[in-house]
file start_0.pdb (PDB, C-alpha atoms and all ligand atoms)
ATOM      1  CA  MET A   1      58.046  -5.234  -0.311
ATOM      2  CA  VAL A   2      58.516  -3.524  -3.646
ATOM      3  CA  PRO A   3      61.976  -1.993  -3.950
ATOM      4  CA  ASP A   4      61.974   1.795  -3.729
ATOM      5  CA  SER A   5      63.841   1.874  -7.018
ATOM      6  CA  ILE A   6      60.694   0.618  -8.767
ATOM      7  CA  LEU A   7      58.321   2.950  -6.974
ATOM      8  CA  SER A   8      60.381   6.006  -7.720
ATOM      9  CA  GLN A   9      61.132   5.003 -11.290
ATOM     10  CA  LYS A  10      61.046   7.811 -13.789
ATOM     11  CA  ALA A  11      58.306   7.836 -16.406
ATOM     12  CA  GLY A  12      59.541   6.470 -19.690
ATOM     13  CA  SER A  13      61.798   3.739 -18.341
ATOM     14  CA  PRO A  14      59.837   0.550 -18.941
ATOM     15  CA  LYS A  15      59.867  -2.138 -16.318
ATOM     16  CA  ARG A  16      58.272  -5.538 -16.313
ATOM     17  CA  LEU A  17      56.800  -5.866 -12.882
ATOM     18  CA  ARG A  18      56.474  -9.131 -11.030
ATOM     19  CA  LEU A  19      52.683  -9.239 -10.832
ATOM     20  CA  LEU A  20      50.725 -11.477  -8.500
ATOM     21  CA  VAL A  21      46.989 -11.849  -9.174
ATOM     22  CA  LEU A  22      44.398 -12.682  -6.500
ATOM     23  CA  ALA A  23      40.983 -13.805  -7.732
ATOM     24  CA  SER A  24      37.906 -15.773  -6.686
ATOM     25  CA  GLY A  25      35.782 -16.119  -9.761
ATOM     26  CA  THR A  26      35.505 -17.116 -13.372
ATOM     27  CA  GLY A  27      38.786 -15.373 -14.073
ATOM     28  CA  SER A  28      37.957 -13.401 -17.209
ATOM     29  CA  LEU A  29      40.032 -10.462 -15.966
ATOM     30  CA  THR A  30      42.937 -12.752 -15.141
ATOM     31  CA  GLN A  31      42.621 -14.352 -18.568
ATOM     32  CA  ALA A  32      42.789 -10.937 -20.176
ATOM     33  CA  LEU A  33      45.953 -10.123 -18.216
ATOM     34  CA  ILE A  34      47.467 -13.437 -19.341
ATOM     35  CA  GLU A  35      46.573 -12.773 -22.982
ATOM     36  CA  THR A  36      47.503  -9.109 -23.140
ATOM     37  CA  THR A  37      50.624  -8.843 -25.245
ATOM     38  CA  ASN A  38      51.557  -5.308 -24.189
ATOM     39  CA  LEU A  39      51.401  -5.892 -20.435
ATOM     40  CA  ARG A  40      54.538  -4.509 -18.813
ATOM     41  CA  ALA A  41      54.354  -7.184 -16.171
ATOM     42  CA  GLU A  42      55.136 -10.833 -15.768
ATOM     43  CA  ILE A  43      52.450 -12.754 -13.897
ATOM     44  CA  VAL A  44      54.404 -14.699 -11.280
ATOM     45  CA  ALA A  45      51.426 -16.478  -9.665
ATOM     46  CA  VAL A  46      47.647 -16.535  -9.329
ATOM     47  CA  GLY A  47      46.136 -17.100  -5.896
ATOM     48  CA  ALA A  48      42.534 -17.816  -4.927
ATOM     49  CA  ASP A  49      40.539 -18.173  -1.734
ATOM     50  CA  ARG A  50      38.406 -21.039  -3.062
ATOM     51  CA  PRO A  51      38.489 -23.714  -5.778
ATOM     52  CA  ALA A  52      37.635 -21.129  -8.416
ATOM     53  CA  PRO A  53      37.706 -21.548 -12.220
ATOM     54  CA  VAL A  54      40.408 -18.877 -12.392
ATOM     55  CA  LEU A  55      42.907 -21.431 -11.076
ATOM     56  CA  ALA A  56      42.402 -23.699 -14.084
ATOM     57  CA  ILE A  57      42.828 -20.734 -16.423
ATOM     58  CA  ALA A  58      46.155 -19.896 -14.780
ATOM     59  CA  GLU A  59      47.322 -23.505 -14.763
ATOM     60  CA  GLN A  60      46.505 -23.870 -18.447
ATOM     61  CA  ALA A  61      48.709 -20.883 -19.071
ATOM     62  CA  GLY A  62      51.508 -22.585 -17.155
ATOM     63  CA  LEU A  63      51.390 -20.194 -14.228
ATOM     64  CA  PRO A  64      51.978 -21.178 -10.597
ATOM     65  CA  THR A  65      48.793 -21.120  -8.533
ATOM     66  CA  PHE A  66      47.874 -21.404  -4.885
ATOM     67  CA  GLN A  67      44.678 -21.601  -2.892
ATOM     68  CA  ILE A  68      44.419 -20.203   0.614
ATOM     69  CA  ASN A  69      40.898 -21.062   1.707
ATOM     70  CA  PRO A  70      39.482 -19.571   4.928
ATOM     71  CA  ALA A  71      37.727 -22.897   5.532
ATOM     72  CA  ASP A  72      41.150 -24.381   6.284
ATOM     73  CA  PHE A  73      41.941 -21.897   9.073
ATOM     74  CA  SER A  74      40.500 -21.500  12.541
ATOM     75  CA  THR A  75      40.616 -17.699  12.508
ATOM     76  CA  ARG A  76      40.393 -14.962   9.941
ATOM     77  CA  GLU A  77      43.756 -13.653  11.155
ATOM     78  CA  ALA A  78      45.439 -17.020  10.546
ATOM     79  CA  TRP A  79      44.013 -17.074   7.014
ATOM     80  CA  ASP A  80      45.162 -13.536   6.397
ATOM     81  CA  GLN A  81      48.689 -14.332   7.576
ATOM     82  CA  ALA A  82      48.803 -17.485   5.450
ATOM     83  CA  LEU A  83      47.755 -15.478   2.414
ATOM     84  CA  ALA A  84      50.468 -12.897   3.110
ATOM     85  CA  SER A  85      53.059 -15.679   3.406
ATOM     86  CA  ALA A  86      51.915 -17.389   0.207
ATOM     87  CA  VAL A  87      52.227 -14.106  -1.677
ATOM     88  CA  ALA A  88      55.710 -13.534  -0.230
ATOM     89  CA  GLN A  89      57.007 -16.690  -1.897
ATOM     90  CA  TYR A  90      56.606 -15.000  -5.290
ATOM     91  CA  ARG A  91      58.316 -11.684  -4.390
ATOM     92  CA  PRO A  92      55.779  -9.536  -6.278
ATOM     93  CA  ASP A  93      56.305  -5.893  -7.181
ATOM     94  CA  LEU A  94      52.538  -5.491  -7.536
ATOM     95  CA  VAL A  95      49.520  -7.431  -6.238
ATOM     96  CA  VAL A  96      46.250  -7.135  -8.183
ATOM     97  CA  SER A  97      42.957  -8.147  -6.653
ATOM     98  CA  ALA A  98      41.039  -9.011  -9.828
ATOM     99  CA  GLY A  99      37.716 -10.205  -8.481
ATOM    100  CA  PHE A 100      39.088 -11.418  -5.135
ATOM    101  CA  MET A 101      35.863 -11.527  -3.137
ATOM    102  CA  ARG A 102      37.291 -11.240   0.349
ATOM    103  CA  LEU A 103      38.485  -8.380   2.513
ATOM    104  CA  LEU A 104      42.238  -8.328   3.038
ATOM    105  CA  GLY A 105      43.147  -8.046   6.722
ATOM    106  CA  SER A 106      45.832  -6.272   8.668
ATOM    107  CA  ALA A 107      48.564  -8.933   8.423
ATOM    108  CA  PHE A 108      48.225  -8.922   4.653
ATOM    109  CA  LEU A 109      47.958  -5.170   4.347
ATOM    110  CA  THR A 110      50.921  -4.507   6.635
ATOM    111  CA  GLN A 111      53.091  -6.535   4.320
ATOM    112  CA  TRP A 112      51.496  -5.943   0.927
ATOM    113  CA  GLY A 113      49.022  -3.085   1.206
ATOM    114  CA  ARG A 114      51.403  -0.539  -0.264
ATOM    115  CA  ILE A 115      51.597  -2.418  -3.555
ATOM    116  CA  THR A 116      48.077  -3.891  -3.727
ATOM    117  CA  ILE A 117      45.414  -2.584  -6.089
ATOM    118  CA  ASN A 118      41.824  -3.707  -6.656
ATOM    119  CA  THR A 119      39.406  -3.457  -9.534
ATOM    120  CA  HIS A 120      35.736  -2.825  -8.827
ATOM    121  CA  PRO A 121      32.730  -2.905 -11.200
ATOM    122  CA  ALA A 122      31.221   0.464 -10.259
ATOM    123  CA  LEU A 123      32.166   4.113 -10.040
ATOM    124  CA  LEU A 124      33.463   4.318  -6.483
ATOM    125  CA  PRO A 125      32.819   5.805  -4.009
ATOM    126  CA  ASN A 126      29.323   4.848  -5.194
ATOM    127  CA  PHE A 127      28.287   1.227  -4.830
ATOM    128  CA  PRO A 128      31.080  -0.450  -2.882
ATOM    129  CA  GLY A 129      30.668  -4.087  -1.924
ATOM    130  CA  ALA A 130      30.061  -7.436  -3.538
ATOM    131  CA  GLN A 131      26.750  -6.511  -5.236
ATOM    132  CA  ALA A 132      27.971  -3.341  -6.905
ATOM    133  CA  VAL A 133      26.387  -3.929 -10.317
ATOM    134  CA  ARG A 134      23.048  -4.951  -8.815
ATOM    135  CA  ASP A 135      23.115  -1.950  -6.466
ATOM    136  CA  ALA A 136      23.869   0.474  -9.286
ATOM    137  CA  LEU A 137      20.994  -0.896 -11.369
ATOM    138  CA  ALA A 138      18.639  -0.779  -8.389
ATOM    139  CA  ALA A 139      19.555   2.871  -7.855
ATOM    140  CA  GLY A 140      18.584   3.598 -11.463
ATOM    141  CA  VAL A 141      21.875   5.155 -12.549
ATOM    142  CA  ALA A 142      22.227   6.097 -16.213
ATOM    143  CA  VAL A 143      25.989   5.729 -16.152
ATOM    144  CA  SER A 144      28.102   3.146 -14.417
ATOM    145  CA  GLY A 145      31.646   1.915 -14.917
ATOM    146  CA  CYS A 146      34.640   0.570 -13.105
ATOM    147  CA  THR A 147      37.325   1.751 -10.745
ATOM    148  CA  VAL A 148      40.888   0.679 -10.036
ATOM    149  CA  HIS A 149      42.023   1.757  -6.598
ATOM    150  CA  ARG A 150      44.570   1.137  -3.904
ATOM    151  CA  VAL A 151      43.542  -1.293  -1.195
ATOM    152  CA  ILE A 152      43.068  -0.255   2.414
ATOM    153  CA  ALA A 153      41.358  -2.023   5.298
ATOM    154  CA  GLU A 154      37.918  -0.586   4.497
ATOM    155  CA  MET A 155      36.139  -2.310   1.628
ATOM    156  CA  ASP A 156      36.511  -0.613  -1.785
ATOM    157  CA  ALA A 157      37.554   2.617  -0.083
ATOM    158  CA  GLY A 158      41.217   3.136  -0.984
ATOM    159  CA  PRO A 159      42.509   6.022  -3.101
ATOM    160  CA  ILE A 160      41.203   5.887  -6.658
ATOM    161  CA  LEU A 161      43.804   5.441  -9.403
ATOM    162  CA  ALA A 162      41.577   5.370 -12.492
ATOM    163  CA  GLN A 163      37.953   5.081 -13.576
ATOM    164  CA  ARG A 164      36.084   4.378 -16.788
ATOM    165  CA  ARG A 165      32.440   5.187 -17.365
ATOM    166  CA  LEU A 166      29.914   3.483 -19.583
ATOM    167  CA  PRO A 167      26.182   3.969 -20.122
ATOM    168  CA  VAL A 168      23.567   1.700 -18.640
ATOM    169  CA  LEU A 169      21.464   0.592 -21.610
ATOM    170  CA  PRO A 170      17.690   0.142 -21.666
ATOM    171  CA  GLY A 171      16.962  -3.478 -20.813
ATOM    172  CA  ASP A 172      20.264  -4.033 -19.027
ATOM    173  CA  ASP A 173      20.151  -6.606 -16.255
ATOM    174  CA  GLU A 174      22.898  -7.369 -13.756
ATOM    175  CA  SER A 175      24.531  -9.924 -16.015
ATOM    176  CA  SER A 176      24.535  -7.890 -19.236
ATOM    177  CA  LEU A 177      25.748  -4.749 -17.501
ATOM    178  CA  HIS A 178      28.474  -6.609 -15.605
ATOM    179  CA  GLU A 179      29.725  -8.263 -18.810
ATOM    180  CA  ARG A 180      29.961  -4.867 -20.538
ATOM    181  CA  ILE A 181      31.706  -3.392 -17.526
ATOM    182  CA  LYS A 182      34.195  -6.261 -17.545
ATOM    183  CA  THR A 183      35.223  -5.575 -21.139
ATOM    184  CA  VAL A 184      36.104  -2.014 -20.117
ATOM    185  CA  GLU A 185      37.553  -3.118 -16.772
ATOM    186  CA  ARG A 186      40.104  -5.394 -18.467
ATOM    187  CA  ASN A 187      41.545  -2.557 -20.487
ATOM    188  CA  LEU A 188      41.555  -0.181 -17.541
ATOM    189  CA  LEU A 189      43.405  -2.701 -15.392
ATOM    190  CA  VAL A 190      46.061  -3.213 -18.068
ATOM    191  CA  GLU A 191      46.465   0.552 -18.429
ATOM    192  CA  VAL A 192      46.905   1.047 -14.704
ATOM    193  CA  ILE A 193      49.426  -1.792 -14.417
ATOM    194  CA  ASN A 194      51.398  -0.373 -17.327
ATOM    195  CA  HIS A 195      51.312   3.109 -15.833
ATOM    196  CA  ILE A 196      52.658   1.709 -12.576
ATOM    197  CA  ALA A 197      55.389  -0.141 -14.480
ATOM    198  CA  LEU A 198      56.322   3.086 -16.253
ATOM    199  CA  GLY A 199      56.302   5.127 -13.075
ATOM    200  CA  ALA A 200      53.416   7.284 -14.304
ATOM    201  CA  ILE A 201      51.404   6.068 -11.319
ATOM    202  CA  VAL A 202      53.503   5.906  -8.164
ATOM    203  CA  LEU A 203      52.310   3.725  -5.293
ATOM    204  CA  ALA A 204      54.395   5.502  -2.685
TER     205      ALA A 204
HETATM  206  C1  LIG A 301      35.072  -8.067 -11.888
HETATM  207  O1  LIG A 301      34.020  -7.275 -12.371
HETATM  208  C2  LIG A 301      35.585  -7.543 -10.578
HETATM  209  O2  LIG A 301      35.630  -6.164 -10.496
HETATM  210  C3  LIG A 301      34.529  -8.089  -9.648
HETATM  211  O3  LIG A 301      34.380  -9.409 -10.080
HETATM  212  C4  LIG A 301      34.604  -9.441 -11.480
HETATM  213  C5  LIG A 301      35.613 -10.512 -11.758
HETATM  214  O4  LIG A 301      35.289 -11.200 -12.911
HETATM  215  N1  LIG A 301      34.860  -7.910  -8.273
HETATM  216  P1  LIG A 301      36.103 -12.455 -13.408
HETATM  217  O5  LIG A 301      36.041 -13.522 -12.328
HETATM  218  O6  LIG A 301      37.532 -12.042 -13.671
HETATM  219  O7  LIG A 301      35.420 -12.888 -14.657
END
call {"tool": "encode", "arguments": {"input": "start_0.pdb", "output": "structure tokens"}}
result
Amino acid sequence: MVPDSILSQKAGSPKRLRLLVLASGTGSLTQALIETTNLRAEIVAVGADRPAPVLAIAEQAGLPTFQINPADFSTREAWDQALASAVAQYRPDLVVSAGFMRLLGSAFLTQWGRITINTHPALLPNFPGAQAVRDALAAGVAVSGCTVHRVIAEMDAGPILAQRRLPVLPGDDESSLHERIKTVERNLLVEVINHIALGAIVLA
């Protein structure tokens, strides 16, 4: 658990958080976190739920990685507990789900929910779920964006910490819109992490 001293830190006293990243995908957000020079956090490990490209990105950067794959467990609960235990080894102050495409369960959330945030490629509460960009396009929205929020048991439903909007352009398809969202999402994620490190966002 994150020490209370960090959560109640006064704004203006910088702190480099021990940051653990969970991801499932190509890892462009994780790469951005690795490359960001002004991140007030030290990435202590990157974990995945599958043999995802993000693991190679982390390894190339010299970061510890782990893979906790549901296929290796007989129940969802056992997987969830194993994930919680793997995270515990790195004593994170903050856990970021950066494209982790799996719901976190009660064993994980009991231990880590208070300090876990997620980034989502839509303006929640609209378009939760794994097909958020496709759903937003199908609904014909003129503006989309991204959301960073706290994680609770319900998918993409935790309290919103920050959002960024961007226009849907004529001719946008799922891929082009998602790529544009990701460029904004990277910066938003860094901002939120830094605000947490500074105590400007308190995860109490
Ligand atoms: C991000 O848009 C995230 O919000 C979504 O998946 C994307 C991750 O992209 N859930 P990447 O794997 O970091 O490139």
call {"tool": "closest_residue", "arguments": {"input": "start_0.pdb", "among": "A:His178, A:Arg16, A:Arg164, A:His195", "to": "ligand LIG 301 (chain A)", "atoms": "only C-alpha atoms and all ligand atoms"}}
result
A:His178
call {"tool": "closest_residue", "arguments": {"input": "start_0.pdb", "among": "A:Thr30, A:Thr75, A:Ser144, A:Asn187", "to": "A:Asp172", "atoms": "all atoms listed in the file"}}
result
A:Ser144
call {"tool": "resolve_selection", "arguments": {"input": "start_0.pdb", "expression": "the PyMOL selection byres (((chain A and resi 154) around 12) and not hetatm)", "output": "list in words"}}
result
Arg102, Leu103, Leu104, Gly105, Ser106, Leu109, Gly113, Pro125, Pro128, Gly129, Arg150, Val151, Ile152, Ala153, Met155, Asp156, Ala157, Gly158 and Pro159 of chain A
call {"tool": "atom_distance", "arguments": {"input": "start_0.pdb", "atom1": "atom CA of A:Asn69", "atom2": "atom CA of A:Ala52"}}
result
10.6 Å
call {"tool": "residues_around", "arguments": {"input": "start_0.pdb", "residues": "A:Val133", "least_positions_apart": "6", "cutoff": "12 Å", "atoms": "all atoms listed in the file", "output": "list in words"}}
result
His120, Pro121, Ala122, Leu123, Leu124, Asn126, Phe127, Ala139, Gly140, Val141, Val143, Ser144, Gly145, Cys146, Val168, Asp172, Asp173, Glu174, Ser175, Ser176, Leu177, His178, Glu179, Arg180, Ile181 and Lys182 of chain A
call {"tool": "closest_residue", "arguments": {"input": "start_0.pdb", "among": "A:Ala71, A:Ala56, A:Ala88, A:Ala132", "to": "ligand LIG 301 (chain A)", "atoms": "only C-alpha atoms and all ligand atoms"}}
result
A:Ala132
call {"tool": "closest_residue", "arguments": {"input": "start_0.pdb", "among": "A:Leu169, A:Ala61, A:Ala78, A:Val87", "to": "A:Ile34", "atoms": "all atoms listed in the file"}}
result
A:Ala61
call {"tool": "resolve_selection", "arguments": {"input": "start_0.pdb", "expression": "the PyMOL selection byres (((chain A and resi 84) around 8) and not hetatm)", "output": "list in words"}}
result
Asp80, Gln81, Ala82, Leu83, Ser85, Ala86, Val87, Ala88, Ala107, Phe108, Gln111 and Trp112 of chain A
call {"tool": "axis_aligned_box", "arguments": {"input": "start_0.pdb", "around": "ligand LIG 301 (chain A)", "padding_each_side": "8 Å", "output": "lines of an AutoDock Vina configuration file"}}
result
center_x = 35.8
center_y = -9.8
center_z = -11.5
size_x = 19.5
size_y = 23.4
size_z = 22.4
call {"tool": "atom_distance", "arguments": {"input": "start_0.pdb", "atom1": "atom O3 of ligand LIG 301 (chain A)", "atom2": "atom CA of A:Gln131"}}
result
9.5 Å
call {"tool": "closest_residue", "arguments": {"input": "start_0.pdb", "among": "A:Ala32, A:Val184, A:Ala130, A:Leu22", "to": "A:Gly47", "atoms": "only C-alpha atoms"}}
result
A:Leu22
call {"tool": "closest_residue", "arguments": {"input": "start_0.pdb", "among": "A:Pro92, A:Gly99, A:Pro170, A:Gly62", "to": "ligand LIG 301 (chain A)", "atoms": "only C-alpha atoms and all ligand atoms"}}
result
A:Gly99
call {"tool": "resolve_selection", "arguments": {"input": "start_0.pdb", "expression": "the PyMOL selection byres (((chain A and resi 41) around 7) and not hetatm)", "output": "count of residues only"}}
result
8
call {"tool": "atom_distance", "arguments": {"input": "start_0.pdb", "atom1": "atom CA of A:Thr147", "atom2": "atom C3 of ligand LIG 301 (chain A)"}}
result
10.3 Å
call {"tool": "decode", "arguments": {"input": "start_0.pdb", "residues": "stretch 102-132 of chain A", "atoms": "N, CA, C and O atoms", "output": "PDB file, in the first residue's frame"}}
result
ATOM      1  N   ARG A 102      -7.784  -6.020 -19.439  1.00  0.00           N
ATOM      2  CA  ARG A 102      -8.443  -7.027 -18.617  1.00  0.00           C
ATOM      3  C   ARG A 102      -8.976  -6.354 -17.359  1.00  0.00           C
ATOM      4  O   ARG A 102      -8.336  -5.445 -16.808  1.00  0.00           O
ATOM      5  N   LEU A 103     -10.139  -6.809 -16.925  1.00  0.00           N
ATOM      6  CA  LEU A 103     -10.720  -6.243 -15.704  1.00  0.00           C
ATOM      7  C   LEU A 103      -9.932  -6.712 -14.492  1.00  0.00           C
ATOM      8  O   LEU A 103      -9.624  -7.901 -14.371  1.00  0.00           O
ATOM      9  N   LEU A 104      -9.628  -5.796 -13.594  1.00  0.00           N
ATOM     10  CA  LEU A 104      -8.944  -6.164 -12.358  1.00  0.00           C
ATOM     11  C   LEU A 104      -9.995  -6.623 -11.353  1.00  0.00           C
ATOM     12  O   LEU A 104     -11.042  -5.996 -11.198  1.00  0.00           O
ATOM     13  N   GLY A 105      -9.713  -7.732 -10.670  1.00  0.00           N
ATOM     14  CA  GLY A 105     -10.707  -8.324  -9.768  1.00  0.00           C
ATOM     15  C   GLY A 105     -10.526  -7.908  -8.323  1.00  0.00           C
ATOM     16  O   GLY A 105      -9.693  -7.059  -8.000  1.00  0.00           O
ATOM     17  N   SER A 106     -11.302  -8.541  -7.457  1.00  0.00           N
ATOM     18  CA  SER A 106     -11.372  -8.038  -6.078  1.00  0.00           C
ATOM     19  C   SER A 106     -10.083  -8.248  -5.300  1.00  0.00           C
ATOM     20  O   SER A 106      -9.715  -7.406  -4.494  1.00  0.00           O
ATOM     21  N   ALA A 107      -9.367  -9.359  -5.537  1.00  0.00           N
ATOM     22  CA  ALA A 107      -8.105  -9.550  -4.793  1.00  0.00           C
ATOM     23  C   ALA A 107      -7.122  -8.444  -5.155  1.00  0.00           C
ATOM     24  O   ALA A 107      -6.471  -7.857  -4.283  1.00  0.00           O
ATOM     25  N   PHE A 108      -7.057  -8.122  -6.431  1.00  0.00           N
ATOM     26  CA  PHE A 108      -6.148  -7.057  -6.863  1.00  0.00           C
ATOM     27  C   PHE A 108      -6.603  -5.708  -6.291  1.00  0.00           C
ATOM     28  O   PHE A 108      -5.813  -4.952  -5.728  1.00  0.00           O
ATOM     29  N   LEU A 109      -7.890  -5.446  -6.436  1.00  0.00           N
ATOM     30  CA  LEU A 109      -8.367  -4.117  -6.042  1.00  0.00           C
ATOM     31  C   LEU A 109      -8.315  -3.907  -4.533  1.00  0.00           C
ATOM     32  O   LEU A 109      -8.095  -2.790  -4.068  1.00  0.00           O
ATOM     33  N   THR A 110      -8.507  -4.989  -3.768  1.00  0.00           N
ATOM     34  CA  THR A 110      -8.407  -4.849  -2.311  1.00  0.00           C
ATOM     35  C   THR A 110      -7.012  -4.374  -1.942  1.00  0.00           C
ATOM     36  O   THR A 110      -6.834  -3.519  -1.076  1.00  0.00           O
ATOM     37  N   GLN A 111      -6.020  -4.932  -2.622  1.00  0.00           N
ATOM     38  CA  GLN A 111      -4.652  -4.569  -2.274  1.00  0.00           C
ATOM     39  C   GLN A 111      -4.180  -3.291  -2.968  1.00  0.00           C
ATOM     40  O   GLN A 111      -3.488  -2.476  -2.370  1.00  0.00           O
ATOM     41  N   TRP A 112      -4.572  -3.094  -4.211  1.00  0.00           N
ATOM     42  CA  TRP A 112      -3.963  -2.032  -5.011  1.00  0.00           C
ATOM     43  C   TRP A 112      -4.941  -1.009  -5.570  1.00  0.00           C
ATOM     44  O   TRP A 112      -4.529  -0.016  -6.184  1.00  0.00           O
ATOM     45  N   GLY A 113      -6.229  -1.239  -5.378  1.00  0.00           N
ATOM     46  CA  GLY A 113      -7.222  -0.372  -6.005  1.00  0.00           C
ATOM     47  C   GLY A 113      -7.060   1.090  -5.634  1.00  0.00           C
ATOM     48  O   GLY A 113      -7.252   1.985  -6.470  1.00  0.00           O
ATOM     49  N   ARG A 114      -6.662   1.351  -4.407  1.00  0.00           N
ATOM     50  CA  ARG A 114      -6.567   2.734  -3.946  1.00  0.00           C
ATOM     51  C   ARG A 114      -5.521   3.532  -4.722  1.00  0.00           C
ATOM     52  O   ARG A 114      -5.616   4.763  -4.827  1.00  0.00           O
ATOM     53  N   ILE A 115      -4.528   2.836  -5.254  1.00  0.00           N
ATOM     54  CA  ILE A 115      -3.453   3.570  -5.948  1.00  0.00           C
ATOM     55  C   ILE A 115      -3.364   3.165  -7.423  1.00  0.00           C
ATOM     56  O   ILE A 115      -2.320   3.324  -8.039  1.00  0.00           O
ATOM     57  N   THR A 116      -4.470   2.656  -7.979  1.00  0.00           N
ATOM     58  CA  THR A 116      -4.451   2.234  -9.384  1.00  0.00           C
ATOM     59  C   THR A 116      -5.280   3.183 -10.237  1.00  0.00           C
ATOM     60  O   THR A 116      -6.435   3.480  -9.917  1.00  0.00           O
ATOM     61  N   ILE A 117      -4.665   3.643 -11.334  1.00  0.00           N
ATOM     62  CA  ILE A 117      -5.379   4.498 -12.281  1.00  0.00           C
ATOM     63  C   ILE A 117      -5.330   3.840 -13.670  1.00  0.00           C
ATOM     64  O   ILE A 117      -4.479   3.006 -13.940  1.00  0.00           O
ATOM     65  N   ASN A 118      -6.285   4.241 -14.512  1.00  0.00           N
ATOM     66  CA  ASN A 118      -6.400   3.676 -15.852  1.00  0.00           C
ATOM     67  C   ASN A 118      -6.550   4.815 -16.858  1.00  0.00           C
ATOM     68  O   ASN A 118      -7.114   5.855 -16.554  1.00  0.00           O
ATOM     69  N   THR A 119      -6.034   4.568 -18.049  1.00  0.00           N
ATOM     70  CA  THR A 119      -6.263   5.532 -19.127  1.00  0.00           C
ATOM     71  C   THR A 119      -7.148   4.886 -20.180  1.00  0.00           C
ATOM     72  O   THR A 119      -7.010   3.696 -20.494  1.00  0.00           O
ATOM     73  N   HIS A 120      -8.077   5.676 -20.713  1.00  0.00           N
ATOM     74  CA  HIS A 120      -9.107   5.142 -21.603  1.00  0.00           C
ATOM     75  C   HIS A 120      -9.264   6.072 -22.805  1.00  0.00           C
ATOM     76  O   HIS A 120      -9.347   7.293 -22.644  1.00  0.00           O
ATOM     77  N   PRO A 121      -9.367   5.507 -24.031  1.00  0.00           N
ATOM     78  CA  PRO A 121      -9.391   6.356 -25.226  1.00  0.00           C
ATOM     79  C   PRO A 121     -10.780   6.854 -25.623  1.00  0.00           C
ATOM     80  O   PRO A 121     -11.186   6.719 -26.779  1.00  0.00           O
ATOM     81  N   ALA A 122     -11.490   7.418 -24.667  1.00  0.00           N
ATOM     82  CA  ALA A 122     -12.792   8.050 -24.951  1.00  0.00           C
ATOM     83  C   ALA A 122     -13.124   8.960 -23.778  1.00  0.00           C
ATOM     84  O   ALA A 122     -12.461   8.912 -22.734  1.00  0.00           O
ATOM     85  N   LEU A 123     -14.153   9.773 -23.983  1.00  0.00           N
ATOM     86  CA  LEU A 123     -14.569  10.690 -22.919  1.00  0.00           C
ATOM     87  C   LEU A 123     -15.588   9.984 -22.032  1.00  0.00           C
ATOM     88  O   LEU A 123     -16.798  10.065 -22.270  1.00  0.00           O
ATOM     89  N   LEU A 124     -15.094   9.285 -21.023  1.00  0.00           N
ATOM     90  CA  LEU A 124     -15.996   8.599 -20.097  1.00  0.00           C
ATOM     91  C   LEU A 124     -16.887   9.635 -19.408  1.00  0.00           C
ATOM     92  O   LEU A 124     -16.470  10.768 -19.241  1.00  0.00           O
ATOM     93  N   PRO A 125     -18.108   9.320 -19.024  1.00  0.00           N
ATOM     94  CA  PRO A 125     -18.661   7.973 -18.977  1.00  0.00           C
ATOM     95  C   PRO A 125     -19.160   7.447 -20.327  1.00  0.00           C
ATOM     96  O   PRO A 125     -19.702   6.348 -20.391  1.00  0.00           O
ATOM     97  N   ASN A 126     -18.964   8.212 -21.409  1.00  0.00           N
ATOM     98  CA  ASN A 126     -19.375   7.696 -22.713  1.00  0.00           C
ATOM     99  C   ASN A 126     -18.349   6.686 -23.228  1.00  0.00           C
ATOM    100  O   ASN A 126     -17.155   6.874 -23.063  1.00  0.00           O
ATOM    101  N   PHE A 127     -18.818   5.685 -23.845  1.00  0.00           N
ATOM    102  CA  PHE A 127     -17.999   4.679 -24.534  1.00  0.00           C
ATOM    103  C   PHE A 127     -16.973   3.965 -23.658  1.00  0.00           C
ATOM    104  O   PHE A 127     -15.774   4.009 -23.922  1.00  0.00           O
ATOM    105  N   PRO A 128     -17.436   3.328 -22.586  1.00  0.00           N
ATOM    106  CA  PRO A 128     -16.541   2.433 -21.844  1.00  0.00           C
ATOM    107  C   PRO A 128     -16.302   1.169 -22.671  1.00  0.00           C
ATOM    108  O   PRO A 128     -16.966   0.946 -23.692  1.00  0.00           O
ATOM    109  N   GLY A 129     -15.349   0.364 -22.235  1.00  0.00           N
ATOM    110  CA  GLY A 129     -15.144  -0.929 -22.875  1.00  0.00           C
ATOM    111  C   GLY A 129     -13.994  -0.945 -23.863  1.00  0.00           C
ATOM    112  O   GLY A 129     -13.377   0.076 -24.160  1.00  0.00           O
ATOM    113  N   ALA A 130     -13.758  -2.134 -24.389  1.00  0.00           N
ATOM    114  CA  ALA A 130     -12.559  -2.380 -25.200  1.00  0.00           C
ATOM    115  C   ALA A 130     -12.638  -1.780 -26.601  1.00  0.00           C
ATOM    116  O   ALA A 130     -11.628  -1.631 -27.276  1.00  0.00           O
ATOM    117  N   GLN A 131     -13.853  -1.449 -27.061  1.00  0.00           N
ATOM    118  CA  GLN A 131     -14.002  -0.909 -28.434  1.00  0.00           C
ATOM    119  C   GLN A 131     -14.386   0.563 -28.394  1.00  0.00           C
ATOM    120  O   GLN A 131     -15.181   1.041 -29.212  1.00  0.00           O
ATOM    121  N   ALA A 132     -13.805   1.294 -27.474  1.00  0.00           N
ATOM    122  CA  ALA A 132     -14.259   2.668 -27.224  1.00  0.00           C
ATOM    123  C   ALA A 132     -14.145   3.559 -28.461  1.00  0.00           C
ATOM    124  O   ALA A 132     -15.065   4.337 -28.759  1.00  0.00           O
TER     125      ALA A 132
END
